[in-house]
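The structure file run.cif is reproduced below (mmCIF, C-alpha atoms and all ligand atoms).
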data_start
#
loop_
_atom_site.group_PDB
_atom_site.id
_atom_site.type_symbol
_atom_site.label_atom_id
_atom_site.label_comp_id
_atom_site.auth_asym_id
_atom_site.auth_seq_id
_atom_site.Cartn_x
_atom_site.Cartn_y
_atom_site.Cartn_z
ATOM 1 C CA MET A 1 11.934 22.975 4.660
ATOM 2 C CA ASN A 2 8.824 20.832 4.492
ATOM 3 C CA GLU A 3 7.038 19.958 7.699
ATOM 4 C CA VAL A 4 5.990 16.642 9.179
ATOM 5 C CA TRP A 5 3.119 16.009 11.616
ATOM 6 C CA LEU A 6 4.511 14.392 14.763
ATOM 7 C CA ASN A 7 2.378 13.703 17.832
ATOM 8 C CA GLY A 8 -0.095 16.444 17.001
ATOM 9 C CA GLN A 9 2.401 19.173 16.009
ATOM 10 C CA PHE A 10 3.683 20.390 12.683
ATOM 11 C CA VAL A 11 7.478 20.489 12.901
ATOM 12 C CA PRO A 12 10.230 21.031 10.316
ATOM 13 C CA ALA A 13 11.355 17.630 9.001
ATOM 14 C CA ASP A 14 14.935 18.057 10.223
ATOM 15 C CA ALA A 15 13.758 18.945 13.753
ATOM 16 C CA ALA A 16 11.402 15.933 14.134
ATOM 17 C CA ARG A 17 12.633 13.510 16.832
ATOM 18 C CA VAL A 18 11.436 10.119 18.102
ATOM 19 C CA SER A 19 12.846 8.255 21.120
ATOM 20 C CA VAL A 20 15.301 5.378 20.565
ATOM 21 C CA PHE A 21 13.015 3.427 22.938
ATOM 22 C CA ASP A 22 10.028 3.735 20.627
ATOM 23 C CA ARG A 23 8.521 0.278 20.068
ATOM 24 C CA GLY A 24 8.277 1.022 16.367
ATOM 25 C CA PHE A 25 12.067 1.258 16.252
ATOM 26 C CA LEU A 26 12.882 -1.576 18.685
ATOM 27 C CA LEU A 27 10.171 -4.091 17.788
ATOM 28 C CA GLY A 28 8.518 -2.984 14.554
ATOM 29 C CA ASP A 29 5.364 -2.604 16.660
ATOM 30 C CA GLY A 30 3.126 -0.329 14.604
ATOM 31 C CA VAL A 31 1.017 0.178 11.499
ATOM 32 C CA TYR A 32 1.106 2.507 8.505
ATOM 33 C CA GLU A 33 -0.724 3.785 5.458
ATOM 34 C CA ILE A 34 0.441 5.339 2.209
ATOM 35 C CA VAL A 35 -2.019 7.771 0.647
ATOM 36 C CA PRO A 36 -1.463 9.251 -2.813
ATOM 37 C CA VAL A 37 -2.188 12.984 -2.938
ATOM 38 C CA TYR A 38 -3.026 14.672 -6.254
ATOM 39 C CA SER A 39 -2.950 18.499 -6.374
ATOM 40 C CA ARG A 40 -2.951 18.485 -2.545
ATOM 41 C CA ASN A 41 -6.106 16.307 -2.434
ATOM 42 C CA PRO A 42 -5.632 12.969 -0.665
ATOM 43 C CA PHE A 43 -7.133 10.215 -2.867
ATOM 44 C CA ARG A 44 -9.675 7.948 -1.145
ATOM 45 C CA LEU A 45 -8.636 9.292 2.254
ATOM 46 C CA ASP A 46 -11.590 7.824 4.152
ATOM 47 C CA GLU A 47 -10.862 4.369 2.724
ATOM 48 C CA HIS A 48 -7.225 4.672 3.825
ATOM 49 C CA LEU A 49 -8.346 5.797 7.287
ATOM 50 C CA ALA A 50 -10.757 2.838 7.478
ATOM 51 C CA ARG A 51 -7.901 0.460 6.606
ATOM 52 C CA LEU A 52 -5.724 2.183 9.226
ATOM 53 C CA GLN A 53 -8.473 1.466 11.768
ATOM 54 C CA HIS A 54 -8.546 -2.195 10.664
ATOM 55 C CA SER A 55 -4.757 -2.438 11.132
ATOM 56 C CA LEU A 56 -4.916 -0.716 14.547
ATOM 57 C CA ASP A 57 -7.703 -3.084 15.643
ATOM 58 C CA GLY A 58 -5.591 -6.009 14.437
ATOM 59 C CA ILE A 59 -2.623 -5.004 16.623
ATOM 60 C CA ARG A 60 -4.917 -3.965 19.510
ATOM 61 C CA LEU A 61 -3.820 -0.331 19.587
ATOM 62 C CA ALA A 62 -6.482 2.316 20.206
ATOM 63 C CA ASN A 63 -6.817 4.861 17.426
ATOM 64 C CA PRO A 64 -5.299 8.049 18.886
ATOM 65 C CA HIS A 65 -7.561 10.295 16.779
ATOM 66 C CA GLY A 66 -11.088 10.515 15.515
ATOM 67 C CA LEU A 67 -11.739 10.785 11.775
ATOM 68 C CA ASP A 68 -12.131 14.575 11.899
ATOM 69 C CA VAL A 69 -8.721 15.105 13.489
ATOM 70 C CA TRP A 70 -7.076 12.778 10.968
ATOM 71 C CA ARG A 71 -8.781 14.450 8.028
ATOM 72 C CA ARG A 72 -7.966 17.973 9.179
ATOM 73 C CA ALA A 73 -4.323 17.209 10.017
ATOM 74 C CA LEU A 74 -3.621 15.328 6.789
ATOM 75 C CA LEU A 75 -5.229 18.006 4.625
ATOM 76 C CA GLU A 76 -3.164 20.632 6.406
ATOM 77 C CA LEU A 77 -0.005 18.535 6.024
ATOM 78 C CA ALA A 78 -0.684 18.223 2.286
ATOM 79 C CA ALA A 79 -1.333 21.978 2.055
ATOM 80 C CA ARG A 80 1.949 22.794 3.818
ATOM 81 C CA GLN A 81 4.172 20.966 1.305
ATOM 82 C CA ASP A 82 5.840 22.871 -1.509
ATOM 83 C CA PHE A 83 4.988 20.128 -4.058
ATOM 84 C CA ALA A 84 1.406 19.345 -5.105
ATOM 85 C CA ASP A 85 1.462 15.602 -5.890
ATOM 86 C CA GLN A 86 2.477 13.643 -2.829
ATOM 87 C CA SER A 87 2.913 10.214 -1.354
ATOM 88 C CA LEU A 88 1.732 10.681 2.204
ATOM 89 C CA LEU A 89 2.886 8.250 4.877
ATOM 90 C CA ILE A 90 0.969 7.807 8.125
ATOM 91 C CA GLN A 91 2.573 5.717 10.860
ATOM 92 C CA VAL A 92 1.298 4.869 14.334
ATOM 93 C CA THR A 93 3.494 2.890 16.743
ATOM 94 C CA ARG A 94 2.906 1.652 20.283
ATOM 95 C CA GLY A 95 5.238 4.421 21.476
ATOM 96 C CA VAL A 96 7.598 4.450 24.462
ATOM 97 C CA PRO A 97 6.872 2.549 27.725
ATOM 98 C CA LEU A 98 6.126 4.773 30.727
ATOM 99 C CA PRO A 99 8.918 5.095 33.377
ATOM 100 C CA GLY A 100 9.262 2.043 35.644
ATOM 101 C CA GLN A 101 8.517 -0.451 32.881
ATOM 102 C CA PRO A 102 11.072 -2.447 30.863
ATOM 103 C CA LEU A 103 12.490 -0.401 27.990
ATOM 104 C CA ARG A 104 12.103 -3.361 25.668
ATOM 105 C CA ASP A 105 9.645 -6.156 26.252
ATOM 106 C CA HIS A 106 7.587 -7.972 23.632
ATOM 107 C CA ALA A 107 4.407 -7.748 25.744
ATOM 108 C CA PHE A 108 2.472 -4.467 25.551
ATOM 109 C CA PRO A 109 3.518 -1.783 28.073
ATOM 110 C CA ARG A 110 0.820 -0.455 30.431
ATOM 111 C CA GLY A 111 -0.395 3.071 29.678
ATOM 112 C CA GLY A 112 1.786 5.273 27.531
ATOM 113 C CA ALA A 113 0.927 7.067 24.342
ATOM 114 C CA PRO A 114 1.368 5.940 20.743
ATOM 115 C CA THR A 115 3.749 7.780 18.447
ATOM 116 C CA VAL A 116 1.920 9.305 15.486
ATOM 117 C CA LEU A 117 3.849 10.487 12.454
ATOM 118 C CA ALA A 118 2.759 11.673 9.028
ATOM 119 C CA PHE A 119 4.963 13.077 6.290
ATOM 120 C CA ALA A 120 4.789 13.650 2.548
ATOM 121 C CA GLN A 121 7.239 12.960 -0.264
ATOM 122 C CA PRO A 122 6.869 13.963 -3.910
ATOM 123 C CA LEU A 123 4.724 11.381 -5.696
ATOM 124 C CA VAL A 124 6.335 9.899 -8.775
ATOM 125 C CA PRO A 125 3.598 8.008 -10.645
ATOM 126 C CA PRO A 126 4.680 5.757 -13.519
ATOM 127 C CA THR A 127 5.258 7.575 -16.803
ATOM 128 C CA ASP A 128 3.400 6.709 -20.011
ATOM 129 C CA ALA A 129 6.668 5.259 -21.330
ATOM 130 C CA GLN A 130 6.997 2.943 -18.301
ATOM 131 C CA LYS A 131 3.388 1.824 -18.680
ATOM 132 C CA ALA A 132 3.951 1.187 -22.407
ATOM 133 C CA THR A 133 7.012 -0.957 -21.665
ATOM 134 C CA GLY A 134 5.725 -2.784 -18.591
ATOM 135 C CA VAL A 135 7.965 -4.401 -15.989
ATOM 136 C CA CYS A 136 9.305 -7.845 -15.223
ATOM 137 C CA ALA A 137 8.592 -9.775 -12.029
ATOM 138 C CA ILE A 138 9.691 -12.981 -10.353
ATOM 139 C CA THR A 139 7.714 -15.409 -8.210
ATOM 140 C CA ALA A 140 8.570 -16.828 -4.794
ATOM 141 C CA PRO A 141 6.851 -18.802 -2.053
ATOM 142 C CA ASP A 142 5.094 -16.324 0.258
ATOM 143 C CA PRO A 143 7.310 -16.256 3.363
ATOM 144 C CA ARG A 144 5.046 -14.017 5.463
ATOM 145 C CA TRP A 145 2.829 -14.547 8.501
ATOM 146 C CA GLN A 146 -0.925 -15.226 8.568
ATOM 147 C CA ARG A 147 -2.097 -11.603 8.998
ATOM 148 C CA CYS A 148 -1.066 -9.985 5.733
ATOM 149 C CA ASP A 149 -4.380 -8.066 5.811
ATOM 150 C CA LEU A 150 -2.793 -5.742 8.401
ATOM 151 C CA LYS A 151 -0.560 -2.949 7.103
ATOM 152 C CA VAL A 152 2.122 -3.372 9.755
ATOM 153 C CA ILE A 153 5.521 -1.674 9.765
ATOM 154 C CA SER A 154 7.386 -4.950 10.410
ATOM 155 C CA LEU A 155 8.093 -5.444 6.702
ATOM 156 C CA MET A 156 11.212 -7.642 6.777
ATOM 157 C CA ALA A 157 9.820 -10.310 4.440
ATOM 158 C CA ASN A 158 8.447 -7.694 2.016
ATOM 159 C CA VAL A 159 11.762 -5.800 2.054
ATOM 160 C CA LEU A 160 13.832 -8.917 1.330
ATOM 161 C CA MET A 161 11.486 -10.156 -1.363
ATOM 162 C CA ARG A 162 11.259 -6.785 -3.157
ATOM 163 C CA GLN A 163 15.065 -6.626 -3.046
ATOM 164 C CA GLN A 164 15.267 -10.131 -4.532
ATOM 165 C CA ALA A 165 13.340 -8.770 -7.536
ATOM 166 C CA VAL A 166 15.413 -5.589 -7.796
ATOM 167 C CA ALA A 167 18.637 -7.648 -7.670
ATOM 168 C CA VAL A 168 17.639 -9.277 -10.983
ATOM 169 C CA GLU A 169 16.399 -5.960 -12.439
ATOM 170 C CA CYS A 170 12.742 -6.792 -11.890
ATOM 171 C CA ALA A 171 10.095 -4.580 -10.311
ATOM 172 C CA GLU A 172 8.239 -7.019 -8.076
ATOM 173 C CA THR A 173 8.154 -10.441 -6.444
ATOM 174 C CA VAL A 174 4.793 -12.188 -6.816
ATOM 175 C CA PHE A 175 3.934 -14.462 -3.900
ATOM 176 C CA LEU A 176 2.485 -17.972 -4.105
ATOM 177 C CA ARG A 177 1.107 -19.742 -1.043
ATOM 178 C CA ASP A 178 0.056 -23.388 -1.298
ATOM 179 C CA GLY A 179 -0.080 -23.148 -5.088
ATOM 180 C CA LEU A 180 -2.240 -20.006 -5.059
ATOM 181 C CA LEU A 181 -1.448 -16.383 -5.917
ATOM 182 C CA THR A 182 -1.587 -14.069 -2.889
ATOM 183 C CA GLU A 183 -0.140 -10.651 -3.876
ATOM 184 C CA GLY A 184 3.133 -8.863 -4.595
ATOM 185 C CA ALA A 185 5.738 -7.769 -2.044
ATOM 186 C CA ALA A 186 4.201 -4.271 -2.121
ATOM 187 C CA SER A 187 1.277 -4.553 -4.558
ATOM 188 C CA ASN A 188 -1.834 -6.546 -5.434
ATOM 189 C CA ILE A 189 -1.815 -8.751 -8.517
ATOM 190 C CA PHE A 190 -4.475 -9.098 -11.222
ATOM 191 C CA VAL A 191 -4.419 -11.532 -14.107
ATOM 192 C CA VAL A 192 -6.455 -11.364 -17.318
ATOM 193 C CA ARG A 193 -7.652 -14.577 -18.960
ATOM 194 C CA GLU A 194 -9.792 -14.454 -22.095
ATOM 195 C CA GLY A 195 -10.770 -10.829 -21.423
ATOM 196 C CA SER A 196 -11.782 -11.524 -17.837
ATOM 197 C CA LEU A 197 -10.033 -10.094 -14.750
ATOM 198 C CA CYS A 198 -9.095 -12.601 -12.031
ATOM 199 C CA THR A 199 -7.708 -11.670 -8.639
ATOM 200 C CA PRO A 200 -7.693 -13.313 -5.202
ATOM 201 C CA ALA A 201 -10.540 -12.447 -2.845
ATOM 202 C CA PRO A 202 -9.603 -10.425 0.252
ATOM 203 C CA SER A 203 -8.268 -12.702 2.985
ATOM 204 C CA THR A 204 -5.725 -12.689 5.791
ATOM 205 C CA HIS A 205 -3.130 -13.717 3.165
ATOM 206 C CA MET A 206 -3.144 -10.318 1.435
ATOM 207 C CA LEU A 207 -3.658 -6.627 1.950
ATOM 208 C CA THR A 208 -6.884 -5.363 0.412
ATOM 209 C CA GLY A 209 -5.442 -2.550 -1.677
ATOM 210 C CA ILE A 210 -7.273 0.721 -2.126
ATOM 211 C CA THR A 211 -6.226 0.520 -5.803
ATOM 212 C CA TYR A 212 -7.485 -3.117 -5.918
ATOM 213 C CA ASP A 213 -10.918 -1.899 -4.789
ATOM 214 C CA VAL A 214 -10.934 0.940 -7.341
ATOM 215 C CA VAL A 215 -9.971 -1.461 -10.169
ATOM 216 C CA LEU A 216 -12.809 -3.834 -9.242
ATOM 217 C CA GLU A 217 -15.286 -0.939 -8.994
ATOM 218 C CA LEU A 218 -14.231 0.356 -12.421
ATOM 219 C CA ALA A 219 -14.456 -3.140 -13.921
ATOM 220 C CA ALA A 220 -18.015 -3.524 -12.595
ATOM 221 C CA ARG A 221 -19.019 -0.063 -13.795
ATOM 222 C CA HIS A 222 -17.604 -0.544 -17.309
ATOM 223 C CA GLY A 223 -18.702 -4.112 -17.950
ATOM 224 C CA ILE A 224 -15.280 -5.759 -17.708
ATOM 225 C CA PRO A 225 -15.918 -9.273 -16.352
ATOM 226 C CA ALA A 226 -14.084 -9.957 -13.085
ATOM 227 C CA ARG A 227 -13.688 -13.127 -11.034
ATOM 228 C CA VAL A 228 -12.681 -12.518 -7.425
ATOM 229 C CA SER A 229 -11.563 -15.904 -6.163
ATOM 230 C CA GLU A 230 -8.559 -18.211 -5.980
ATOM 231 C CA VAL A 231 -5.969 -17.790 -8.743
ATOM 232 C CA THR A 232 -3.810 -20.892 -9.150
ATOM 233 C CA GLU A 233 -0.134 -20.844 -10.053
ATOM 234 C CA ALA A 234 -1.047 -22.466 -13.406
ATOM 235 C CA GLU A 235 -3.605 -19.688 -14.107
ATOM 236 C CA LEU A 236 -1.012 -17.045 -13.232
ATOM 237 C CA ARG A 237 1.611 -18.588 -15.511
ATOM 238 C CA SER A 238 -0.745 -19.023 -18.481
ATOM 239 C CA ALA A 239 -2.449 -15.606 -18.144
ATOM 240 C CA ASP A 240 -2.850 -13.280 -21.135
ATOM 241 C CA GLU A 241 -1.983 -10.304 -18.906
ATOM 242 C CA VAL A 242 -0.618 -9.822 -15.392
ATOM 243 C CA TRP A 243 -0.686 -6.461 -13.586
ATOM 244 C CA MET A 244 0.570 -5.159 -10.301
ATOM 245 C CA THR A 245 -1.507 -2.445 -8.628
ATOM 246 C CA SER A 246 -0.754 -0.041 -5.800
ATOM 247 C CA SER A 247 -1.293 3.573 -4.818
ATOM 248 C CA THR A 248 2.112 4.550 -6.186
ATOM 249 C CA LYS A 249 2.499 2.102 -9.131
ATOM 250 C CA GLU A 250 -1.191 2.445 -10.182
ATOM 251 C CA ILE A 251 -1.884 -0.225 -12.850
ATOM 252 C CA MET A 252 1.468 -1.534 -14.023
ATOM 253 C CA PRO A 253 1.611 -4.339 -16.606
ATOM 254 C CA VAL A 254 3.981 -7.224 -15.854
ATOM 255 C CA VAL A 255 5.343 -8.425 -19.210
ATOM 256 C CA MET A 256 7.843 -11.062 -18.028
ATOM 257 C CA LEU A 257 7.324 -13.471 -15.154
ATOM 258 C CA ASP A 258 10.338 -15.577 -14.130
ATOM 259 C CA ASP A 259 11.957 -14.816 -17.511
ATOM 260 C CA VAL A 260 8.923 -16.096 -19.435
ATOM 261 C CA PRO A 261 6.871 -13.578 -21.483
ATOM 262 C CA VAL A 262 3.370 -12.939 -20.136
ATOM 263 C CA GLY A 263 0.919 -13.389 -23.033
ATOM 264 C CA SER A 264 2.322 -11.515 -26.028
ATOM 265 C CA GLY A 265 5.183 -10.151 -23.890
ATOM 266 C CA GLU A 266 3.753 -6.628 -24.153
ATOM 267 C CA PRO A 267 1.247 -4.691 -22.048
ATOM 268 C CA GLY A 268 -2.200 -5.969 -23.012
ATOM 269 C CA PRO A 269 -5.392 -4.204 -24.103
ATOM 270 C CA VAL A 270 -7.242 -4.717 -20.817
ATOM 271 C CA ALA A 271 -4.372 -3.079 -18.864
ATOM 272 C CA ARG A 272 -4.487 -0.119 -21.262
ATOM 273 C CA GLN A 273 -8.264 0.153 -20.897
ATOM 274 C CA MET A 274 -8.114 -0.057 -17.093
ATOM 275 C CA ASP A 275 -5.289 2.493 -16.902
ATOM 276 C CA ALA A 276 -7.339 4.946 -18.985
ATOM 277 C CA LEU A 277 -10.382 4.379 -16.737
ATOM 278 C CA TYR A 278 -8.235 4.829 -13.627
ATOM 279 C CA GLN A 279 -6.668 8.097 -14.854
ATOM 280 C CA GLN A 280 -10.122 9.447 -15.754
ATOM 281 C CA PHE A 281 -11.539 8.346 -12.390
ATOM 282 C CA LYS A 282 -8.703 10.096 -10.503
ATOM 283 C CA GLN A 283 -9.362 13.312 -12.404
ATOM 284 C CA ASP A 284 -13.121 13.136 -11.828
ATOM 285 C CA VAL A 285 -12.693 12.513 -8.099
ATOM 286 C CA MET A 286 -10.200 15.349 -7.709
ATOM 287 C CA ARG A 287 -12.437 17.759 -9.578
ATOM 288 C CA GLY A 288 -15.157 16.839 -7.056
HETATM 289 N N1 LIG B 301 2.069 -0.804 -0.508
HETATM 290 N N2 LIG B 301 -0.131 -5.339 -0.876
HETATM 291 C C1 LIG B 301 0.951 -4.932 -0.203
HETATM 292 C C2 LIG B 301 1.755 -5.939 0.553
HETATM 293 C C3 LIG B 301 1.322 -3.573 -0.217
HETATM 294 O O1 LIG B 301 2.393 -3.177 0.487
HETATM 295 C C4 LIG B 301 0.553 -2.660 -0.967
HETATM 296 C C5 LIG B 301 0.879 -1.197 -1.038
HETATM 297 C C6 LIG B 301 -0.563 -3.129 -1.671
HETATM 298 C C7 LIG B 301 -1.452 -2.217 -2.486
HETATM 299 O O2 LIG B 301 -2.230 -1.379 -1.661
HETATM 300 P P1 LIG B 301 -2.723 0.058 -2.158
HETATM 301 O O3 LIG B 301 -3.412 -0.138 -3.444
HETATM 302 O O4 LIG B 301 -3.631 0.495 -1.076
HETATM 303 O O5 LIG B 301 -1.505 0.937 -2.298
HETATM 304 C C8 LIG B 301 -0.884 -4.479 -1.591
HETATM 305 C C9 LIG B 301 2.449 0.560 -0.355
HETATM 306 C C10 LIG B 301 2.319 1.392 -1.581
HETATM 307 C C11 LIG B 301 3.831 0.574 0.287
HETATM 308 O O6 LIG B 301 3.991 -0.082 1.290
HETATM 309 O O7 LIG B 301 4.717 1.253 -0.249
#
Please lay out the structure from this file as structure tokens.
Ligand code: PDD
Amino acid sequence: MNEVWLNGQFVPADAARVSVFDRGFLLGDGVYEIVPVYSRNPFRLDEHLARLQHSLDGIRLANPHGLDVWRRALLELAARQDFADQSLLIQVTRGVPLPGQPLRDHAFPRGGAPTVLAFAQPLVPPTDAQKATGVCAITAPDPRWQRCDLKVISLMANVLMRQQAVAVECAETVFLRDGLLTEGAASNIFVVREGSLCTPAPSTHMLTGITYDVVLELAARHGIPARVSEVTEAELRSADEVWMTSSTKEIMPVVMLDDVPVGSGEPGPVARQMDALYQQFKQDVMRG
């Protein structure tokens, strides 16, 4: 039985327990991270921990651990699993109110400790065949709040919008806000126009993906032109290539958008080039 890390202890997954009064459960009051782990090495761990800090600051919850404790615990968690490639989830909620306080109140309880959970699942990165085929996506008005830069566990809009895509056998819903591309329900979106990458600049309307940052770094390093600024709906719909990126989907070409072929209707050359650079980069980083 694989173990999870719960409130500072390693416990077997089927013995891990959280109170029904936890504010994560009752109010969706918490934040999370998903870290890909290759051969038991967490990828870009410090960047994920920095984004966790940003999310905690955004919900005004003190970080329960320093960087060293996080690093040590997560490396040990990864080492304890019986599979080498992992998708590691970290979740911190505002915990359970102390006795004498309402069991459920929107306002923060006084005192009390956060609930801290981390667990790993086998990572299933896209296969070469999936990358060669690409996926289809739909668009929808972005129904979310104004702090999409925080990786919060209250994911109702993202859940419903991803399901809307899955219901029509698509992989993702791409969000538009005021005529501009923001991101996907659980991914960032890049478009390619005349050989140049275009993607929205980080803002409170999107999560700054760790994969997004890696893609932009690789583009800069390998001379692929990139424009980080507003992407209009018209630019999205007339793009030569559209990709979704995330820690688990990596660089996934979108070949149909709202039933209309993207560019040639097949994964494009820039997606192939970036995927090759990304795979090489992962290997180099993991080799140290
Ligand atoms: N989601 N935007 C949103 C809304 C996301 O949920 C994600 C990732 C991303 C990409 O971030 P990154 O490159 O750091 O994975 C962008 C994860 C995988 C999830 O919630 O499952």
Of the residues A:His48, A:His54, A:His65, A:Arg23, which is the one nearest to Leu98 of chain A, using all atoms listed in the file? A:Arg23
Identify, on the basis of all atoms listed in the file, every residue whose closest approach to Ala157 of chain A does not exceed 10 Å; exclude the query and any residue fewer than 3 positions from it along the same chain; express the result as a list in words.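 Result of the neighbour search: Asp142, Pro143, Arg144, Trp145, Ser154, Leu160, Met161, Arg162, Gln163 and Ala185 of chain A.
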Atoms to include: C-alpha atoms. Write the selected residues as a PDB file, in the frame of the given file.
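As a result, out.pdb now contains:
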ATOM      1  CA  ASP A 142       5.094 -16.324   0.258  1.00  0.00           C
ATOM      2  CA  PRO A 143       7.310 -16.256   3.363  1.00  0.00           C
ATOM      3  CA  ARG A 144       5.046 -14.017   5.463  1.00  0.00           C
ATOM      4  CA  TRP A 145       2.829 -14.547   8.501  1.00  0.00           C
ATOM      5  CA  SER A 154       7.386  -4.950  10.410  1.00  0.00           C
ATOM      6  CA  LEU A 160      13.832  -8.917   1.330  1.00  0.00           C
ATOM      7  CA  MET A 161      11.486 -10.156  -1.363  1.00  0.00           C
ATOM      8  CA  ARG A 162      11.259  -6.785  -3.157  1.00  0.00           C
ATOM      9  CA  GLN A 163      15.065  -6.626  -3.046  1.00  0.00           C
ATOM     10  CA  ALA A 185       5.738  -7.769  -2.044  1.00  0.00           C
TER      11      ALA A 185
END
Kindly compile the residues surrounding ligand LIG 301 (chain B) within 7 Å, counting all atoms listed in the file, and format them as a list in words. Ile34, Glu183, Gly184, Ala185, Ala186, Ser187, Asn188, Met206, Leu207, Thr208, Gly209, Ile210, Thr211, Tyr212, Thr245, Ser246, Ser247 and Thr248 of chain A
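Closest approach to Leu150 of chain A from the set A:Ser238, A:Gln53, A:Thr133, A:Thr182 is made by A:Gln53, with distances taken over all atoms listed in the file.
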Could you work out an axis-aligned bounding box for all listed atoms of segment 98-103 of chain A, with 6 Å added on each of the six sides, and give its centre and edge lengths in Å to one decimal, as JSON?
{"center_x": 9.3, "center_y": 1.3, "center_z": 31.8, "size_x": 18.4, "size_y": 19.5, "size_z": 19.7}
Residues near Leu26 of chain A, cut-off 12 Å, only C-alpha atoms, skip fewer than 5 positions along chain, as a PyMOL selection string: chain A and resi 18-21+93-97+103-106+153-154
Could you spell out the hits of the PyMOL selection byres (((chain A and resi 36) around 8) and not hetatm) on the shown file, as number ranges by chain? A: 34-35, 37-38, 42-43, 85-88, 123, 247-248
